[in-house]
Amino acid sequence: MCAGSVGFYLLFLINTLGLSYNDARSHLDIARRVVEGLKPGLAQLGSVWLPLNHVLMLPFVWNDWMWHTGLAGSLQNMIAFVGTGILIAKFLEKMRVGILGQIIGVLVFVLNINVLYLQSTAMTELVLLGTMTAGVYYLYLWTRDEQILNLIKSAFWIMLATLTRYDGWFLLVWAGGLVVIHTLSKNQKKQKFGEILKQVRNDMAKAEGALILFLTLAGFGVALWFLWNQLIFKDALYFAFGPFSAHAQQEQLRTAGVLATKGNILLSLKVYLYALLYNTYTFPAILALIGSIIILKDKLLGFGEKLATSALLAPFVFNVLALFLGFSVLFVQGISGDTWFNVRYGVMLMPTIAIFIGFLVDRARDFRLLIIGLLAFVLFFAFVNFDAVTIDDARVGSSQKNVSEVAGYLADHAKDEKGFILISAASHDAIIFSSGLPMKRFIHEGTSGYWQAATLLPDRWARWIIMRTYDENDLTWKFVSKTKGFAMYNKVASYPFADVYELQPQYLPMLITEPILGKQR
């Protein structure tokens, strides 16, 4: 697995696919701004994307080569990829699955091109898969042996999941419910009414204690995130309802009439099912469904074990609900929209499908060879044909938004010239990354006093301005277009994604070209 992880990272790096997702470049930029820029510091971690992936990049992203190759962000995903493969084998072993079923389960996961691609990028999905699978694994062990240490380990990994993506928050709630149900169900009640009441009180007390123990650690990351937003942005819910939140973005899509899944449960289910099938392939998904039914009927597994295994389905329920409630958006070409967008969310069920298939192979002994043969046939052709919807999403879907022209212009014209570049990181972070210029060349929302000064008096601070003309959602245009100084700029380049403005030569002598504001409060 280690060799495969490294090999595919190098393959996608050589083919320039590792940084195709704009979000991958943004993740790298967020971590880089913590250590380099006009206003470096932990506050650059921001408020919308959860911080774990960016924190894990910090030991590496200071290095220019690791930053620009994406290795600073891919390394953690490669480790998570290997770790998740190991967890799948261990999970199946604890479910009393033989070595053949374990091998098949692991191969279903590690030979999926979508998984191999995402582990080679600076995206967040693989770390989430690793932490969620570890959390469910230790929860499963706890239902078997009742050892408090396993419950604590489960809480720890779920806490890390809640700091990776918001899917982890839903798993936290799901797992908390399972802790209560398992605790209440493990004791047989007495027959007499008085003894029944006494047993119920005892069970409720035990369930409450187990839940408090679990949530104290598992919910610690969520509490920290609320506290972070309150301390840095003066609003504990800034991540949820702030101007850069998913809610604000989804509201724009709703206004534009392209948030079709909101309020439509059937369409939400259909869209996510298609994303799931594109990422995991149809035949493995069908096998996993059969495997889940066999798990429910299996006599070797206790009620608590089956209960814990249900947590593997949490990503499915979360994504359908998020689409239905309008908290998420996912475009499947030909089903919802005419392009791809966020279709990678379907990969969240890959560990689940791998575990269910491994279980099926072990229990369906009479059909084992047929299942393995058909599965090998499907995975072989998917593998050799490089059938990966995540690559399509990254290269030609809405997730990529080609920014190479703007970044190339900056690289050609600003690299050897003095002067700051005014740009909205919320809208154009991928341009910042792709330009290859140092972070200290850019004035953006996270630069505090520099941003405030430059959006009031652009002609004193910015030699170049990058923005989408007439687009009020671009904060640079929103503020700068209303200033007197904006008249001192010429539009020197226009591209589909953004325009480039440059200060007219006669105003250059008054331009500030070096950091002079010092440390900002």
# chains A, B, ... in the order shown; residues from 1 in each chain; ligands from 1
$ closest_atom_pairs --of "segment 255-315 of chain A" --to "segment 111-133 of chain A" --cutoff "10 Å" --atoms "only C-alpha atoms" --output "tab-separated table"
residue	atom	partner	partner_atom	distance
A:Tyr278	CA	A:Asn114	CA	9.2
A:Asn279	CA	A:Asn114	CA	6.2
A:Thr280	CA	A:Asn112	CA	7.2
A:Tyr281	CA	A:Asn112	CA	9.0
A:Ala311	CA	A:Met132	CA	9.2
A:Leu312	CA	A:Thr133	CA	7.5
A:Ala314	CA	A:Met132	CA	9.6
A:Pro315	CA	A:Met132	CA	9.3
$ select_by_dssp --residues "segment 16-125 of chain A" --states "alpha helix (DSSP H)" --output "MDAnalysis selection string"
chainID A and resid 22:35 52:61 64:69 71:94 99:110 113:118 125
$ closest_residue --among "A:Leu163, A:Ser336, A:Cys2, A:Arg33" --to "His444 of chain A" --atoms "only C-alpha atoms"
A:Arg33
$ residues_around --residues "Trp142 of chain A" --least-positions-apart "6" --cutoff "9 Å" --atoms "only C-alpha atoms" --output "mmCIF file with C-alpha atoms, in the first residue's frame"
data_model
loop_
_atom_site.group_PDB
_atom_site.id
_atom_site.type_symbol
_atom_site.label_atom_id
_atom_site.label_comp_id
_atom_site.auth_asym_id
_atom_site.auth_seq_id
_atom_site.Cartn_x
_atom_site.Cartn_y
_atom_site.Cartn_z
ATOM 1 C CA ILE A 148 -13.571 2.086 28.465
ATOM 2 C CA LEU A 149 -10.225 2.631 26.723
ATOM 3 C CA ASN A 150 -11.779 1.671 23.382
ATOM 4 C CA LEU A 151 -14.610 4.146 23.930
ATOM 5 C CA SER A 154 -13.272 6.116 19.485
ATOM 6 C CA GLY A 304 -24.040 -4.136 19.779
ATOM 7 C CA GLU A 305 -21.629 -5.055 16.976
ATOM 8 C CA ALA A 308 -21.744 -0.030 15.805
#
$ closest_residue --among "A:Glu445, A:Asp416, A:Asp499, A:Glu208" --to "Tyr470 of chain A" --atoms "only C-alpha atoms"
A:Asp499
$ atom_distance --atom1 "atom CA of Ala24 of chain A" --atom2 "atom CA of Ala161 of chain A"
18.5 Å
$ closest_residue --among "A:Tyr495, A:Phe109, A:Trp67, A:Phe486" --to "Met439 of chain A" --atoms "only C-alpha atoms"
A:Trp67
